[in-house]
>>> print(open('coords25.cif').read())   # mmCIF, C-alpha atoms
data_work
#
loop_
_atom_site.label_atom_id
_atom_site.label_comp_id
_atom_site.auth_asym_id
_atom_site.auth_seq_id
_atom_site.Cartn_x
_atom_site.Cartn_y
_atom_site.Cartn_z
CA MET A 58 0.00 0.00 0.00
CA SER A 59 2.33 2.70 -1.18
CA ASP A 60 -0.51 4.95 -2.18
CA LYS A 61 -1.84 5.68 1.29
CA LEU A 62 -3.66 9.00 1.33
CA VAL A 63 -3.85 10.80 4.66
CA ILE A 64 -6.93 12.82 5.47
CA GLY A 65 -6.53 15.55 8.09
CA ILE A 66 -9.17 17.13 10.28
CA ALA A 67 -11.89 18.87 8.26
CA ASP A 68 -10.48 17.28 5.13
CA MET A 69 -11.62 14.88 2.40
CA LYS A 70 -9.90 12.78 -0.23
CA VAL A 71 -11.14 10.54 -3.03
CA ALA A 72 -9.43 7.54 -4.63
CA LYS A 73 -10.46 5.34 -7.53
CA GLY A 74 -9.62 1.71 -8.26
CA GLU A 75 -6.80 1.09 -5.82
CA GLY A 76 -5.78 2.96 -2.71
CA MET A 77 -5.91 3.21 1.02
CA LEU A 78 -7.45 6.27 2.64
CA VAL A 79 -6.54 6.87 6.26
CA THR A 80 -7.48 9.39 8.92
CA TYR A 81 -5.83 9.38 12.34
CA ALA A 82 -7.08 9.77 15.89
CA LEU A 83 -10.78 10.40 15.51
CA GLY A 84 -12.04 11.49 18.91
CA SER A 85 -15.41 13.19 18.87
CA CYS A 86 -14.83 13.71 15.14
CA ILE A 87 -16.28 11.23 12.67
CA GLY A 88 -14.68 9.61 9.64
CA ILE A 89 -17.21 8.87 6.92
CA CYS A 90 -16.27 6.37 4.20
CA LEU A 91 -18.41 6.68 1.08
CA HIS A 92 -18.09 3.97 -1.54
CA ASP A 93 -19.44 3.21 -4.98
CA PRO A 94 -18.49 -0.48 -5.43
CA ALA A 95 -19.41 -0.62 -9.13
CA ILE A 96 -16.67 1.79 -10.14
CA LYS A 97 -14.49 1.28 -7.04
CA LEU A 98 -14.65 4.92 -6.10
CA GLY A 99 -14.16 5.75 -2.45
CA ALA A 100 -14.03 8.92 -0.39
CA LEU A 101 -13.17 9.54 3.24
CA VAL A 102 -14.29 12.72 5.02
CA HIS A 103 -13.14 13.71 8.51
CA ILE A 104 -15.80 15.96 10.01
CA MET A 105 -15.54 17.73 13.32
CA LEU A 106 -18.91 19.35 14.04
CA PRO A 107 -22.54 18.44 13.37
CA VAL A 108 -24.01 21.44 11.59
CA ASN A 109 -22.58 24.20 9.45
CA MET A 110 -24.18 27.34 10.83
CA GLU A 111 -21.77 29.89 9.50
CA ALA A 112 -22.54 31.75 6.33
CA GLY A 113 -19.93 31.52 3.61
CA ARG A 114 -17.57 29.16 5.37
CA LYS A 115 -14.65 28.21 3.22
CA ASN A 116 -14.31 24.79 4.76
CA PRO A 117 -17.41 22.61 4.16
CA MET A 118 -15.55 19.43 5.22
CA LYS A 119 -15.49 20.58 8.84
CA TYR A 120 -19.19 19.85 9.23
CA ALA A 121 -21.29 16.69 8.85
CA ASP A 122 -24.03 18.25 6.72
CA THR A 123 -21.95 20.21 4.22
CA GLY A 124 -19.15 17.63 4.31
CA ILE A 125 -21.40 14.76 3.22
CA ARG A 126 -23.19 16.87 0.62
CA GLU A 127 -19.99 18.23 -0.93
CA THR A 128 -18.31 14.80 -0.99
CA LEU A 129 -21.29 13.19 -2.72
CA LYS A 130 -21.27 15.99 -5.27
CA GLN A 131 -17.60 15.39 -6.03
CA MET A 132 -18.09 11.61 -6.23
CA GLU A 133 -20.99 12.04 -8.64
CA ALA A 134 -18.85 14.31 -10.76
CA MET A 135 -16.40 11.40 -11.00
CA GLY A 136 -19.06 9.00 -12.21
CA ALA A 137 -20.54 7.62 -8.99
CA ARG A 138 -24.25 6.97 -8.86
CA ARG A 139 -26.21 8.01 -5.78
CA ALA A 140 -28.18 4.74 -5.64
CA ARG A 141 -25.00 2.66 -5.42
CA ILE A 142 -23.14 4.69 -2.82
CA THR A 143 -22.91 3.17 0.65
CA ALA A 144 -21.42 4.50 3.86
CA LYS A 145 -19.38 3.26 6.82
CA ILE A 146 -18.57 5.50 9.75
CA ALA A 147 -16.34 5.54 12.82
CA GLY A 148 -15.73 8.03 15.64
CA GLY A 149 -18.03 10.17 17.76
CA ALA A 150 -16.40 9.23 21.05
CA LYS A 151 -16.51 11.14 24.30
CA MET A 152 -12.87 11.62 25.22
CA PHE A 153 -13.40 13.23 28.61
CA GLU A 154 -16.10 12.87 31.23
CA VAL A 155 -16.56 16.47 32.39
CA GLY A 156 -19.32 16.95 34.96
CA SER A 157 -22.60 18.25 33.65
CA SER A 158 -21.25 20.68 31.09
CA SER A 159 -22.13 20.35 27.43
CA LEU A 160 -18.54 19.42 26.66
CA GLY A 161 -18.26 15.89 25.39
CA ASN A 162 -21.67 15.81 23.80
CA ILE A 163 -20.14 16.84 20.51
CA GLY A 164 -19.40 13.21 19.66
CA GLN A 165 -23.01 12.18 20.19
CA ARG A 166 -24.30 15.18 18.25
CA ASN A 167 -21.94 14.33 15.42
CA ILE A 168 -23.26 10.75 15.27
CA GLU A 169 -26.85 11.95 15.14
CA SER A 170 -26.10 14.52 12.48
CA VAL A 171 -24.20 12.04 10.29
CA HIS A 172 -27.06 9.53 10.55
CA MET A 173 -29.60 12.19 9.68
CA ASN A 174 -27.66 13.60 6.77
CA LEU A 175 -26.91 10.19 5.25
CA LYS A 176 -30.61 9.41 5.42
CA LYS A 177 -31.50 12.76 3.89
CA GLU A 178 -29.10 12.16 0.99
CA GLY A 179 -30.45 8.63 0.53
CA ILE A 180 -27.20 6.86 1.42
CA ARG A 181 -27.33 3.44 3.07
CA LEU A 182 -25.21 3.08 6.22
CA LEU A 183 -23.66 -0.40 6.10
CA LYS A 184 -21.57 -0.50 9.26
CA GLU A 185 -20.41 1.74 12.03
CA ASP A 186 -18.15 1.84 15.06
CA VAL A 187 -19.19 4.90 17.01
CA GLY A 188 -19.52 6.31 20.51
CA GLY A 189 -17.70 5.04 23.58
CA SER A 190 -14.62 6.79 24.87
CA VAL A 191 -11.79 5.58 22.63
CA ALA A 192 -9.94 7.39 19.88
CA ARG A 193 -9.99 5.66 16.52
CA THR A 194 -7.77 5.59 13.46
CA LEU A 195 -9.76 4.67 10.39
CA LEU A 196 -8.33 3.02 7.28
CA PHE A 197 -10.48 2.56 4.21
CA ASP A 198 -9.57 0.30 1.30
CA VAL A 199 -11.14 1.77 -1.81
CA ASN A 200 -10.82 -1.47 -3.78
CA SER A 201 -12.66 -3.76 -1.35
CA GLY A 202 -14.72 -1.15 0.44
CA LEU A 203 -13.53 -2.51 3.78
CA GLY A 204 -12.70 -0.26 6.68
CA CYS A 205 -10.34 -1.01 9.54
CA VAL A 206 -10.56 0.72 12.92
CA ARG A 207 -7.47 0.88 15.12
CA SER A 208 -7.75 1.94 18.76
CA TYR A 209 -5.49 2.06 21.77
CA GLY A 210 -6.00 -0.93 24.07
CA ARG A 211 -8.53 -2.61 21.79
CA ALA A 212 -8.26 -5.17 19.00
CA GLU A 213 -8.49 -3.98 15.40
CA LEU A 214 -11.98 -4.00 14.05
CA ILE A 215 -13.04 -4.53 10.44
CA ILE A 216 -16.09 -2.58 9.35
CA MET B 263 -10.71 46.32 18.58
CA ALA B 264 -12.19 42.96 19.39
CA ILE B 265 -10.81 40.17 17.25
CA LYS B 266 -12.97 37.72 15.37
CA ASN B 267 -10.30 35.13 14.73
CA TYR B 268 -7.14 34.11 16.53
CA ASP B 269 -4.90 35.11 13.63
CA GLU B 270 -5.95 38.75 14.06
CA LEU B 271 -4.00 39.15 17.31
CA SER B 272 -1.49 42.00 17.23
CA SER B 273 2.10 41.54 18.32
CA LEU B 274 1.40 43.47 21.54
CA GLU B 275 -1.49 41.14 22.29
CA LEU B 276 0.64 38.09 21.54
CA ASP B 277 3.38 39.41 23.84
CA THR B 278 0.80 39.83 26.58
CA LEU B 279 -0.42 36.28 26.12
CA ARG B 280 3.18 35.05 26.16
CA GLU B 281 3.64 36.90 29.44
CA ILE B 282 0.52 35.21 30.83
CA GLY B 283 1.91 31.88 29.68
CA SER B 284 5.20 32.62 31.34
CA MET B 285 3.63 33.62 34.61
CA GLY B 286 1.12 30.77 34.57
CA THR B 287 3.60 28.01 33.77
CA GLY B 288 6.10 29.56 36.19
CA ASN B 289 3.57 29.25 38.99
CA ALA B 290 2.69 25.75 37.88
CA ALA B 291 6.37 24.77 37.95
CA THR B 292 6.75 26.11 41.49
CA ALA B 293 3.73 24.13 42.65
CA LEU B 294 5.03 21.03 40.94
CA SER B 295 8.44 21.50 42.47
CA GLN B 296 6.93 21.66 45.96
CA MET B 297 4.80 18.62 45.33
CA LEU B 298 7.58 16.49 43.89
CA GLY B 299 10.36 17.77 46.11
CA ARG B 300 12.72 18.41 43.21
CA GLU B 301 13.80 21.36 41.16
CA VAL B 302 11.41 22.19 38.34
CA ARG B 303 11.96 25.10 35.98
CA ILE B 304 10.26 26.16 32.77
CA THR B 305 11.61 26.83 29.32
CA LEU B 306 10.52 29.83 27.27
CA PRO B 307 6.75 29.61 27.02
CA GLU B 308 5.09 29.65 23.66
CA VAL B 309 1.91 31.18 22.34
CA ARG B 310 0.89 29.45 19.19
CA ILE B 311 -1.95 29.93 16.80
CA MET B 312 -2.20 26.94 14.56
CA GLY B 313 -4.44 25.23 12.07
CA TYR B 314 -5.86 21.94 13.36
CA ASN B 315 -3.54 19.63 11.49
CA GLU B 316 -0.53 21.81 12.17
CA ALA B 317 -1.30 21.69 15.91
CA ILE B 318 -1.41 17.90 15.87
CA GLU B 319 1.98 17.69 14.15
CA TRP B 320 3.35 20.20 16.65
CA ILE B 321 2.34 18.07 19.63
CA GLY B 322 4.07 15.03 18.09
CA GLY B 323 1.71 13.28 15.68
CA PRO B 324 -1.87 12.11 16.02
CA GLU B 325 -1.44 8.49 17.11
CA GLU B 326 1.10 8.95 19.89
CA ILE B 327 -0.44 7.80 23.17
CA THR B 328 -0.48 10.37 25.93
CA ALA B 329 -2.15 11.00 29.28
CA GLY B 330 -4.42 14.03 29.26
CA VAL B 331 -5.91 15.98 32.13
CA LEU B 332 -8.65 18.36 31.11
CA VAL B 333 -10.33 21.10 33.10
CA LYS B 334 -13.02 23.41 31.82
CA MET B 335 -12.93 27.07 32.79
CA GLY B 336 -16.07 29.02 33.48
CA GLY B 337 -17.08 32.31 35.09
CA GLN B 338 -15.50 35.34 33.45
CA ILE B 339 -13.22 33.28 31.22
CA ASN B 340 -14.57 30.34 29.28
CA GLY B 341 -12.16 27.86 27.86
CA ILE B 342 -10.30 24.63 28.26
CA MET B 343 -7.06 23.88 30.08
CA LEU B 344 -5.29 20.73 29.04
CA SER B 345 -2.23 19.04 30.45
CA CYS B 346 -0.80 16.52 27.96
CA GLN B 347 1.62 14.25 29.78
CA GLN B 348 3.99 12.29 27.62
CA LEU B 349 5.79 9.21 28.94
CA ASP B 350 8.96 11.03 30.07
CA PHE B 351 6.89 13.44 32.12
CA VAL B 352 4.74 10.64 33.56
CA ASN B 353 7.84 8.78 34.71
CA MET B 354 9.35 11.90 36.22
CA VAL B 355 6.22 12.33 38.31
CA LEU B 356 5.79 8.67 39.23
CA GLU B 357 9.44 8.32 40.22
CA SER B 358 9.24 11.32 42.51
CA VAL B 359 5.96 10.43 44.16
CA LEU B 360 5.60 6.65 44.00
CA HIS B 361 9.23 5.63 43.34
CA GLN B 362 8.39 3.62 40.26
CA ARG B 363 8.57 3.82 36.47
CA ILE B 364 6.40 2.52 33.68
CA ASP B 365 7.40 1.45 30.18
CA ASP B 366 3.93 1.65 28.78
CA TYR B 367 0.72 3.51 29.59
CA GLY B 368 -0.97 0.12 29.97
CA GLN B 369 0.83 -0.24 33.31
CA LEU B 370 -1.02 2.69 34.82
CA ALA B 371 -3.35 1.59 37.61
CA ASP B 372 -5.71 3.63 39.82
CA MET B 373 -2.94 4.86 42.11
CA GLU B 374 -0.78 6.09 39.22
CA ASN B 375 -3.77 7.62 37.48
CA SER B 376 -4.85 9.65 40.49
CA CYS B 377 -1.28 10.82 40.94
CA LEU B 378 -1.19 12.11 37.35
CA ILE B 379 -4.63 13.69 37.65
CA GLU B 380 -3.58 15.47 40.83
CA VAL B 381 -0.37 16.77 39.27
CA GLY B 382 -2.29 17.97 36.20
CA ASN B 383 -4.95 19.57 38.35
CA ILE B 384 -2.43 21.41 40.54
CA MET B 385 -0.56 22.78 37.53
CA ILE B 386 -3.78 23.91 35.87
CA SER B 387 -5.18 25.47 39.05
CA THR B 388 -2.02 27.42 39.82
CA PHE B 389 -1.87 28.62 36.22
CA ILE B 390 -5.45 29.85 36.37
CA ASN B 391 -5.10 31.36 39.85
CA ALA B 392 -2.16 33.42 38.64
CA LEU B 393 -4.09 34.52 35.56
CA SER B 394 -7.26 35.36 37.42
CA GLY B 395 -5.29 37.35 40.03
CA LEU B 396 -3.45 39.33 37.37
CA ALA B 397 -6.51 40.15 35.31
CA GLY B 398 -8.88 40.53 38.27
CA MET B 399 -11.31 38.10 36.70
CA ASP B 400 -13.17 35.31 38.46
CA VAL B 401 -12.59 31.93 36.92
CA THR B 402 -14.23 28.71 38.03
CA LEU B 403 -12.78 25.31 37.26
CA THR B 404 -14.46 21.93 36.85
CA VAL B 405 -13.23 18.74 38.46
CA PRO B 406 -10.40 17.37 36.29
CA ALA B 407 -11.21 14.71 33.70
CA PHE B 408 -8.59 12.17 32.67
CA THR B 409 -7.91 9.88 29.76
CA VAL B 410 -5.05 7.94 28.21
CA ASP B 411 -5.40 7.80 24.44
CA MET B 412 -4.16 9.10 21.09
CA GLN B 413 -3.08 12.70 21.53
CA GLY B 414 -4.65 13.77 18.25
CA ALA B 415 -8.06 12.96 19.68
CA ILE B 416 -7.25 14.67 22.97
CA LEU B 417 -6.15 17.85 21.26
CA ALA B 418 -9.26 17.73 19.10
CA VAL B 419 -11.40 18.35 22.21
CA PRO B 420 -10.65 22.10 22.48
CA MET B 421 -10.68 22.32 18.69
CA ALA B 422 -14.17 20.86 18.44
CA GLU B 423 -15.40 22.94 21.36
CA TYR B 424 -14.44 26.20 19.63
CA GLY B 425 -14.46 24.88 16.07
CA GLY B 426 -17.63 26.78 15.26
CA GLN B 427 -15.81 30.05 15.97
CA SER B 428 -12.50 29.56 14.29
CA ASP B 429 -10.38 27.44 11.99
CA TYR B 430 -7.46 27.95 14.34
CA ILE B 431 -6.60 26.88 17.85
CA MET B 432 -4.67 29.08 20.24
CA THR B 433 -2.44 27.43 22.79
CA ILE B 434 -0.36 28.98 25.54
CA GLY B 435 2.10 26.72 27.24
CA GLY B 436 5.63 25.58 27.86
CA ASN B 437 8.00 22.76 28.71
CA PHE B 438 9.42 21.86 32.11
CA VAL B 439 12.98 21.15 33.11
CA PHE B 440 13.45 18.66 35.93
CA ASP B 441 16.91 18.56 37.47
CA ASN B 442 18.38 20.04 34.26
CA GLN B 443 16.63 17.51 32.05
CA GLU B 444 14.09 18.97 29.68
CA VAL B 445 10.79 17.12 29.65
CA PRO B 446 8.02 18.18 27.35
CA CYS B 447 4.94 19.03 29.32
CA ARG B 448 2.28 20.57 27.24
CA LEU B 449 0.19 22.75 29.46
CA LEU B 450 -2.31 24.31 27.13
CA MET B 451 -4.85 27.02 27.63
CA SER B 452 -7.47 27.51 24.97
CA PRO B 453 -9.87 30.32 25.77
CA ASP B 454 -12.89 30.98 23.62
CA LEU B 455 -12.74 34.14 21.52
CA ARG B 456 -15.12 36.22 23.62
CA SER B 457 -13.14 35.45 26.77
CA LEU B 458 -9.88 36.16 25.03
CA ASN B 459 -11.16 39.59 24.01
CA ALA B 460 -12.37 40.24 27.56
CA LEU B 461 -9.02 39.18 28.98
CA LEU B 462 -7.05 41.43 26.64
CA ARG B 463 -9.32 44.37 27.47
CA LYS B 464 -8.92 43.76 31.21
CA LEU B 465 -5.18 43.74 30.80
CA GLY B 466 -5.39 47.02 28.91
CA VAL B 467 -3.74 45.93 25.68
CA SER B 468 -6.85 45.87 23.54
CA ASP B 469 -8.69 49.18 23.00
CA GLU B 470 -12.46 49.20 23.13
#
>>> encode(input="coords25.cif", output="structure tokens")
Amino acid sequence: MSDKLVIGIADMKVAKGEGMLVTYALGSCIGICLHDPAIKLGALVHIMLPVNMEAGRKNPMKYADTGIRETLKQMEAMGARRARITAKIAGGAKMFEVGSSSLGNIGQRNIESVHMNLKKEGIRLLKEDVGGSVARTLLFDVNSGLGCVRSYGRAELII
Amino acid sequence: MAIKNYDELSSLELDTLREIGSMGTGNAATALSQMLGREVRITLPEVRIMGYNEAIEWIGGPEEITAGVLVKMGGQINGIMLSCQQLDFVNMVLESVLHQRIDDYGQLADMENSCLIEVGNIMISTFINALSGLAGMDVTLTVPAFTVDMQGAILAVPMAEYGGQSDYIMTIGGNFVFDNQEVPCRLLMSPDLRSLNALLRKLGVSDE
């Protein structure tokens, strides 16, 4: 796997045919793998927040709603068909348990927003590894459509 | 003028924040020194304004495992204080207090964890006490929260908390020197933008 593409926070990359997409250390953030198996086109988005509420933001990939929408648009421009695209997600953890404050709910809100937006866009969610309190590194093989989740103190998980 | 993004800070404002960092970490080092019974000094503190991915590279890569103590600030300054304790620092503390070392974070048990939480909490509290005294602002702190995990995900906590306001994260912090050996201890303060503006006004470096 020489052609490993790294996706940063609030970032997205697409690969076709062959390739491994990877995003490191998802905490409350969520990595969304979108895949069109017929043409072996895959995209991985690393979103950080549930809803884009700022007008004219230059970075749509930071948010679940605009991130999913923009990625689908780019995949369709590369020949993907909406009906064939499936999704796998990982992340949305709560890294710290801080009293009663709203801190830490971001992970849960991200999960809900990703679910809602996938549904709205008509994308089927095949598998997920979300919630809990562990950080996750997500690898996504564009050829097979398989995802691999790596965590500290936990066995690797194939999604 | 109030800033809308961290990268709008003037050099005077940055100098002021560096001074706060210096004073805060200096106080934290003194407290640590008393607790551990050994000499602890600080290196030149840094104020950094970084993009998310830049910040994660700066702290040493996303997947590196680290112990993190997090405290939320409330009252007149809202924000997050984070103490990221890498293995060298952890061992320095454990050797001084419990006379033991670990090779891996997996060896941390309850006793070691509470020791690290306490050390993190004391450093954070002294930092904030110094800041709140200087600025004459009341700051409340939550009970410290603790985790051992990938540092990329730990650092993403303040980023996500203020991610709706900015594409940058501001950190104030420094490294510690124990008995002439430099050990990275990332003590980070990330205020939200409104609090940062209030703080700079209180300190008289930001005009109305």
>>> resolve_selection(input="coords25.cif", expression="the PyMOL selection byres ((chain B) within 7 of (chain A))", output="mmCIF file with C-alpha atoms, in the coordinates of the input")
data_model
loop_
_atom_site.group_PDB
_atom_site.id
_atom_site.type_symbol
_atom_site.label_atom_id
_atom_site.label_comp_id
_atom_site.auth_asym_id
_atom_site.auth_seq_id
_atom_site.Cartn_x
_atom_site.Cartn_y
_atom_site.Cartn_z
ATOM 1 C CA TYR B 314 -5.860 21.940 13.360
ATOM 2 C CA ASN B 315 -3.540 19.630 11.490
ATOM 3 C CA PRO B 324 -1.870 12.110 16.020
ATOM 4 C CA GLU B 325 -1.440 8.490 17.110
ATOM 5 C CA ALA B 407 -11.210 14.710 33.700
ATOM 6 C CA PHE B 408 -8.590 12.170 32.670
ATOM 7 C CA THR B 409 -7.910 9.880 29.760
ATOM 8 C CA ASP B 411 -5.400 7.800 24.440
ATOM 9 C CA MET B 412 -4.160 9.100 21.090
ATOM 10 C CA GLY B 414 -4.650 13.770 18.250
ATOM 11 C CA ALA B 415 -8.060 12.960 19.680
ATOM 12 C CA ILE B 416 -7.250 14.670 22.970
ATOM 13 C CA ALA B 418 -9.260 17.730 19.100
ATOM 14 C CA ALA B 422 -14.170 20.860 18.440
#
>>> residues_near_point(input="coords25.cif", point="(-23.4, 14.3, 12.0)", cutoff="8 Å", atoms="all atoms listed in the file", output="ChimeraX atom specification")
/A:87,106-108,120-122,166-174
>>> closest_residue(input="coords25.cif", among="B:Asn442, B:Leu396, B:Val302, B:Ser358", to="Thr278 in chain B", atoms="only C-alpha atoms")
B:Leu396
>>> resolve_selection(input="coords25.cif", expression="the PyMOL selection byres ((chain A and resi 94) around 10)", output="list in words")
Gly74, Leu91, His92, Asp93, Ala95, Ile96, Lys97, Leu98, Gly99, Ala137, Arg141, Ile142, Thr143, Val199, Asn200, Ser201 and Gly202 of chain A
>>> atom_distance(input="coords25.cif", atom1="CA of Asp198 in chain A", atom2="CA of Val79 in chain A")
8.8 Å
>>> atom_distance(input="coords25.cif", atom1="CA of Ala329 in chain B", atom2="CA of Thr287 in chain B")
18.5 Å
>>> atom_distance(input="coords25.cif", atom1="CA of Leu129 in chain A", atom2="CA of Ile146 in chain A")
14.9 Å
>>> residues_near_point(input="coords25.cif", point="(-16.1, 26.3, 36.2)", cutoff="10 Å", atoms="all atoms listed in the file", output="MDAnalysis selection string")
(chainID A and resid 156 158) or (chainID B and resid 333:342 400:405)
>>> resolve_selection(input="coords25.cif", expression="the PyMOL selection byres ((chain B and resi 264-268) around 7)", output="JSON, numbers by chain")
{"B": [263, 269, 270, 271, 311, 428, 430, 432, 459]}
>>> axis_aligned_box(input="coords25.cif", around="range 182-191 of chain A", padding_each_side="4 Å", output="JSON")
{"center_x": -18.5, "center_y": 3.1, "center_z": 15.5, "size_x": 21.4, "size_y": 15.3, "size_z": 26.8}
>>> residues_around(input="coords25.cif", residues="Ala293 in chain B", least_positions_apart="2", cutoff="10 Å", atoms="all atoms listed in the file", output="PyMOL selection string")
chain B and resi 287-291+295-299+302+381+384-385+387-389
>>> write_last_selection(input="coords25.cif", atoms="C-alpha atoms", output="PDB file, keeping the file's coordinate frame")
ATOM      1  CA  THR B 287       3.600  28.010  33.770  1.00  0.00           C
ATOM      2  CA  GLY B 288       6.100  29.560  36.190  1.00  0.00           C
ATOM      3  CA  ASN B 289       3.570  29.250  38.990  1.00  0.00           C
ATOM      4  CA  ALA B 290       2.690  25.750  37.880  1.00  0.00           C
ATOM      5  CA  ALA B 291       6.370  24.770  37.950  1.00  0.00           C
ATOM      6  CA  SER B 295       8.440  21.500  42.470  1.00  0.00           C
ATOM      7  CA  GLN B 296       6.930  21.660  45.960  1.00  0.00           C
ATOM      8  CA  MET B 297       4.800  18.620  45.330  1.00  0.00           C
ATOM      9  CA  LEU B 298       7.580  16.490  43.890  1.00  0.00           C
ATOM     10  CA  GLY B 299      10.360  17.770  46.110  1.00  0.00           C
ATOM     11  CA  VAL B 302      11.410  22.190  38.340  1.00  0.00           C
ATOM     12  CA  VAL B 381      -0.370  16.770  39.270  1.00  0.00           C
ATOM     13  CA  ILE B 384      -2.430  21.410  40.540  1.00  0.00           C
ATOM     14  CA  MET B 385      -0.560  22.780  37.530  1.00  0.00           C
ATOM     15  CA  SER B 387      -5.180  25.470  39.050  1.00  0.00           C
ATOM     16  CA  THR B 388      -2.020  27.420  39.820  1.00  0.00           C
ATOM     17  CA  PHE B 389      -1.870  28.620  36.220  1.00  0.00           C
TER      18      PHE B 389
END
>>> residues_around(input="coords25.cif", residues="Met354 in chain B", least_positions_apart="3", cutoff="12 Å", atoms="only C-alpha atoms", output="count of residues only")
32
>>> closest_residue(input="coords25.cif", among="A:His103, A:Arg211, A:Lys70, A:Arg126", to="Leu175 in chain A", atoms="only C-alpha atoms")
A:Arg126
>>> closest_residue(input="coords25.cif", among="B:Ser345, B:Ser272, B:Thr328, B:Asn353", to="Gly436 in chain B", atoms="only C-alpha atoms")
B:Ser345
>>> closest_residue(input="coords25.cif", among="B:Ile434, B:Met343, B:Ile282, B:Leu461", to="Val309 in chain B", atoms="only C-alpha atoms")
B:Ile434
>>> closest_residue(input="coords25.cif", among="A:Met77, A:Ala134, A:Asp60, A:Glu127", to="Leu203 in chain A", atoms="only C-alpha atoms")
A:Met77
>>> decode(input="coords25.cif", residues="range 127-143 of chain A", atoms="N, CA and C atoms", output="mmCIF file, in the first residue's frame")
data_model
loop_
_atom_site.group_PDB
_atom_site.id
_atom_site.type_symbol
_atom_site.label_atom_id
_atom_site.label_comp_id
_atom_site.auth_asym_id
_atom_site.auth_seq_id
_atom_site.Cartn_x
_atom_site.Cartn_y
_atom_site.Cartn_z
ATOM 1 N N GLU A 127 -21.057 17.844 0.005
ATOM 2 C CA GLU A 127 -19.991 18.226 -0.925
ATOM 3 C C GLU A 127 -19.242 16.994 -1.450
ATOM 4 N N THR A 128 -19.021 16.009 -0.574
ATOM 5 C CA THR A 128 -18.308 14.796 -0.986
ATOM 6 C C THR A 128 -19.127 14.020 -2.019
ATOM 7 N N LEU A 129 -20.430 13.896 -1.761
ATOM 8 C CA LEU A 129 -21.293 13.191 -2.715
ATOM 9 C C LEU A 129 -21.269 13.891 -4.070
ATOM 10 N N LYS A 130 -21.283 15.212 -4.025
ATOM 11 C CA LYS A 130 -21.271 15.988 -5.265
ATOM 12 C C LYS A 130 -19.994 15.679 -6.062
ATOM 13 N N GLN A 131 -18.865 15.660 -5.340
ATOM 14 C CA GLN A 131 -17.597 15.386 -6.027
ATOM 15 C C GLN A 131 -17.523 13.954 -6.540
ATOM 16 N N MET A 132 -18.095 13.005 -5.778
ATOM 17 C CA MET A 132 -18.093 11.608 -6.228
ATOM 18 C C MET A 132 -18.953 11.451 -7.474
ATOM 19 N N GLU A 133 -20.093 12.125 -7.473
ATOM 20 C CA GLU A 133 -20.991 12.038 -8.639
ATOM 21 C C GLU A 133 -20.334 12.645 -9.875
ATOM 22 N N ALA A 134 -19.553 13.686 -9.644
ATOM 23 C CA ALA A 134 -18.846 14.312 -10.765
ATOM 24 C C ALA A 134 -17.801 13.352 -11.338
ATOM 25 N N MET A 135 -17.377 12.377 -10.522
ATOM 26 C CA MET A 135 -16.395 11.402 -11.000
ATOM 27 C C MET A 135 -17.058 10.116 -11.484
ATOM 28 N N GLY A 136 -18.360 10.141 -11.618
ATOM 29 C CA GLY A 136 -19.056 9.003 -12.210
ATOM 30 C C GLY A 136 -19.811 8.113 -11.242
ATOM 31 N N ALA A 137 -19.802 8.441 -9.952
ATOM 32 C CA ALA A 137 -20.536 7.622 -8.985
ATOM 33 C C ALA A 137 -22.036 7.854 -9.142
ATOM 34 N N ARG A 138 -22.796 6.825 -8.809
ATOM 35 C CA ARG A 138 -24.251 6.966 -8.857
ATOM 36 C C ARG A 138 -24.803 6.893 -7.445
ATOM 37 N N ARG A 139 -25.657 7.863 -7.127
ATOM 38 C CA ARG A 139 -26.207 8.005 -5.780
ATOM 39 C C ARG A 139 -26.774 6.685 -5.239
ATOM 40 N N ALA A 140 -27.496 5.957 -6.081
ATOM 41 C CA ALA A 140 -28.175 4.738 -5.642
ATOM 42 C C ALA A 140 -27.202 3.643 -5.221
ATOM 43 N N ARG A 141 -25.974 3.719 -5.728
ATOM 44 C CA ARG A 141 -24.999 2.656 -5.421
ATOM 45 C C ARG A 141 -24.109 3.004 -4.222
ATOM 46 N N ILE A 142 -24.080 4.269 -3.862
ATOM 47 C CA ILE A 142 -23.137 4.691 -2.816
ATOM 48 C C ILE A 142 -23.577 4.203 -1.437
ATOM 49 N N THR A 143 -22.641 3.609 -0.720
ATOM 50 C CA THR A 143 -22.905 3.171 0.649
ATOM 51 C C THR A 143 -21.922 3.865 1.595
#
